[in-house]
>>> print(open('entry31.tsv').read())   # TSV, C-alpha atoms and all ligand atoms
chain	number	residue	atom	x	y	z
A	1	MET	CA	2.04	-34.98	-48.84
A	2	SER	CA	-1.41	-36.25	-49.69
A	3	LEU	CA	-1.57	-39.95	-50.57
A	4	PRO	CA	-3.90	-41.35	-53.24
A	5	THR	CA	-6.34	-44.05	-52.15
A	6	ARG	CA	-6.67	-45.58	-55.64
A	7	CYS	CA	-4.99	-45.52	-59.04
A	8	PRO	CA	-6.93	-43.02	-61.18
A	9	LEU	CA	-6.57	-45.29	-64.22
A	10	CYS	CA	-7.20	-48.87	-63.02
A	11	ALA	CA	-8.49	-48.23	-59.45
A	12	ALA	CA	-5.81	-50.43	-57.84
A	13	ALA	CA	-5.64	-49.97	-54.05
A	14	SER	CA	-3.07	-47.76	-52.35
A	15	ASP	CA	-0.79	-50.70	-51.47
A	16	ARG	CA	0.00	-50.94	-55.21
A	17	LEU	CA	1.03	-47.26	-55.42
A	18	SER	CA	4.48	-45.84	-54.77
A	19	VAL	CA	6.03	-42.39	-54.91
A	20	VAL	CA	8.13	-41.76	-58.00
A	21	THR	CA	9.20	-38.32	-56.77
A	22	PRO	CA	7.85	-35.67	-54.41
A	23	HIS	CA	9.49	-33.02	-56.62
A	24	VAL	CA	6.96	-31.46	-59.00
A	25	TYR	CA	8.31	-28.70	-61.19
A	26	GLY	CA	6.42	-25.46	-60.51
A	27	ASP	CA	4.39	-26.91	-57.64
A	28	ARG	CA	4.16	-24.92	-54.41
A	29	GLY	CA	4.04	-28.03	-52.26
A	30	GLY	CA	1.77	-30.95	-51.55
A	31	ARG	CA	1.90	-32.75	-54.88
A	32	ALA	CA	3.91	-35.78	-55.94
A	33	PHE	CA	4.18	-38.24	-58.83
A	34	PHE	CA	3.05	-41.79	-58.08
A	35	ARG	CA	3.42	-45.08	-59.98
A	36	CYS	CA	0.79	-47.79	-60.01
A	37	GLY	CA	2.28	-51.27	-59.65
A	38	ALA	CA	-0.81	-52.83	-61.25
A	39	CYS	CA	-1.00	-50.88	-64.54
A	40	ASP	CA	2.35	-48.99	-64.51
A	41	ALA	CA	0.65	-45.61	-64.93
A	42	ILE	CA	2.48	-42.62	-63.49
A	43	PHE	CA	0.24	-39.83	-62.27
A	44	LEU	CA	0.28	-36.54	-60.38
A	45	HIS	CA	-1.55	-36.45	-57.06
A	46	PRO	CA	-3.55	-34.64	-55.93
A	47	GLY	CA	-5.05	-33.64	-59.24
A	48	LEU	CA	-7.76	-31.08	-59.82
A	49	SER	CA	-11.28	-31.75	-58.58
A	50	PRO	CA	-13.88	-32.11	-61.37
A	51	GLU	CA	-15.11	-28.59	-60.59
A	52	GLU	CA	-11.59	-27.13	-60.54
A	53	GLU	CA	-10.82	-28.90	-63.82
A	54	ARG	CA	-13.98	-27.57	-65.49
A	55	LYS	CA	-13.22	-24.00	-64.38
A	56	PHE	CA	-9.58	-24.27	-65.41
A	57	TYR	CA	-10.27	-25.46	-68.95
A	58	ALA	CA	-13.18	-23.05	-69.42
A	59	ALA	CA	-11.49	-19.91	-68.15
A	60	GLU	CA	-7.76	-20.30	-67.60
A	61	PHE	CA	-6.21	-22.77	-70.02
A	62	GLU	CA	-5.29	-20.29	-72.78
A	63	GLY	CA	-3.60	-17.90	-70.35
A	64	PHE	CA	-1.92	-20.74	-68.46
A	65	MET	CA	-0.39	-22.21	-71.60
A	66	SER	CA	0.67	-18.84	-72.97
A	67	GLY	CA	2.36	-17.93	-69.69
A	68	ARG	CA	3.95	-21.35	-69.28
A	69	SER	CA	5.22	-21.52	-72.84
A	70	GLY	CA	6.52	-17.96	-73.02
A	71	ASP	CA	7.14	-16.13	-76.27
A	72	ALA	CA	9.19	-18.96	-77.79
A	73	GLY	CA	6.88	-21.75	-76.60
A	74	GLY	CA	4.47	-21.64	-79.50
A	75	TRP	CA	2.02	-23.98	-77.79
A	76	THR	CA	-0.57	-23.51	-80.57
A	77	GLN	CA	1.94	-24.67	-83.20
A	78	PRO	CA	3.09	-28.28	-82.54
A	79	GLU	CA	6.43	-28.17	-84.37
A	80	ARG	CA	7.42	-24.88	-82.74
A	81	HIS	CA	6.30	-26.13	-79.33
A	82	ILE	CA	8.34	-29.34	-79.62
A	83	ALA	CA	11.45	-27.43	-80.69
A	84	ALA	CA	11.08	-24.87	-77.91
A	85	ASN	CA	10.60	-27.48	-75.18
A	86	GLN	CA	13.52	-29.83	-75.66
A	87	THR	CA	15.00	-28.90	-72.26
A	88	THR	CA	11.69	-29.89	-70.63
A	89	VAL	CA	11.69	-33.20	-72.52
A	90	VAL	CA	15.22	-33.99	-71.29
A	91	ARG	CA	14.32	-33.04	-67.69
A	92	ARG	CA	11.15	-35.16	-67.69
A	93	MET	CA	12.75	-38.22	-69.30
A	94	ARG	CA	14.51	-38.90	-65.97
A	95	TYR	CA	11.12	-39.81	-64.55
A	101	ZN	ZN	-3.27	-48.51	-62.06
>>> encode(input="entry31.tsv", output="structure tokens", more="lines below")
Ligand SMILES: [Zn+2]
Amino acid sequence: MSLPTRCPLCAAASDRLSVVTPHVYGDRGGRAFFRCGACDAIFLHPGLSPEEERKFYAAEFEGFMSGRSGDAGGWTQPERHIAANQTTVVRRMRY
């Protein structure tokens, strides 16, 4: 598991960061959720590099969301998306 060197929000040093869980739904390994003890942010690490992020949002986001949401997900319609994702909300509230 890769460890962050700084909080991505407030830049607190690694001694202020702790693992919330190494279990990331859908991840194929190597990512974890961390909590910053300075600002209380919870974040996924490692994230995308700036180049990976640019490519993802330019070329893959629509397909990613459609595939992730499925036919009932309705990710382009907020009310439908919220209704279709209640099981995800319940699962994530644990963290
Ligand atoms: Zn922080």
>>> residues_around(input="entry31.tsv", residues="A:Ala12", least_positions_apart="6", cutoff="9 Å", atoms="only C-alpha atoms", output="list in words")
Thr5, Arg6, Cys36, Gly37, Ala38 and Cys39 of chain A
>>> atom_distance(input="entry31.tsv", atom1="atom CA of A:Ala41", atom2="atom ZN of ligand ZN 101 (chain A)")
5.7 Å
>>> closest_residue(input="entry31.tsv", among="A:Ala72, A:Ala59, A:Ile82, A:Leu3", to="A:Pro46", atoms="all atoms listed in the file")
A:Leu3
>>> atom_distance(input="entry31.tsv", atom1="atom CA of A:Ala83", atom2="atom CA of A:Glu62")
19.8 Å
>>> atom_distance(input="entry31.tsv", atom1="atom CA of A:Tyr57", atom2="atom CA of A:His23")
24.5 Å
>>> residues_around(input="entry31.tsv", residues="A:Thr76", least_positions_apart="3", cutoff="10 Å", atoms="only C-alpha atoms", output="PyMOL selection string")
chain A and resi 62+65-66+69+73+79-81
>>> axis_aligned_box(input="entry31.tsv", around="stretch 72-76 of chain A", padding_each_side="8 Å", output="AutoDock Vina command-line options")
--center_x 4.3 --center_y -21.5 --center_z -78.6 --size_x 25.8 --size_y 21.0 --size_z 20.0
>>> residues_near_point(input="entry31.tsv", point="(4.4, -45.6, -55.3)", cutoff="12 Å", atoms="only C-alpha atoms", output="ChimeraX atom specification")
/A:3-7,12-22,32-45
>>> residues_near_point(input="entry31.tsv", point="(2.3, -30.8, -46.2)", cutoff="9 Å", atoms="all atoms listed in the file", output="ChimeraX atom specification")
/A:1-2,29-31
>>> write_last_selection(input="entry31.tsv", atoms="C-alpha atoms", output="PDB file, in the coordinates of the input")
ATOM      1  CA  MET A   1       2.040 -34.980 -48.840  1.00  0.00           C
ATOM      2  CA  SER A   2      -1.410 -36.250 -49.690  1.00  0.00           C
ATOM      3  CA  GLY A  29       4.040 -28.030 -52.260  1.00  0.00           C
ATOM      4  CA  GLY A  30       1.770 -30.950 -51.550  1.00  0.00           C
ATOM      5  CA  ARG A  31       1.900 -32.750 -54.880  1.00  0.00           C
TER       6      ARG A  31
END
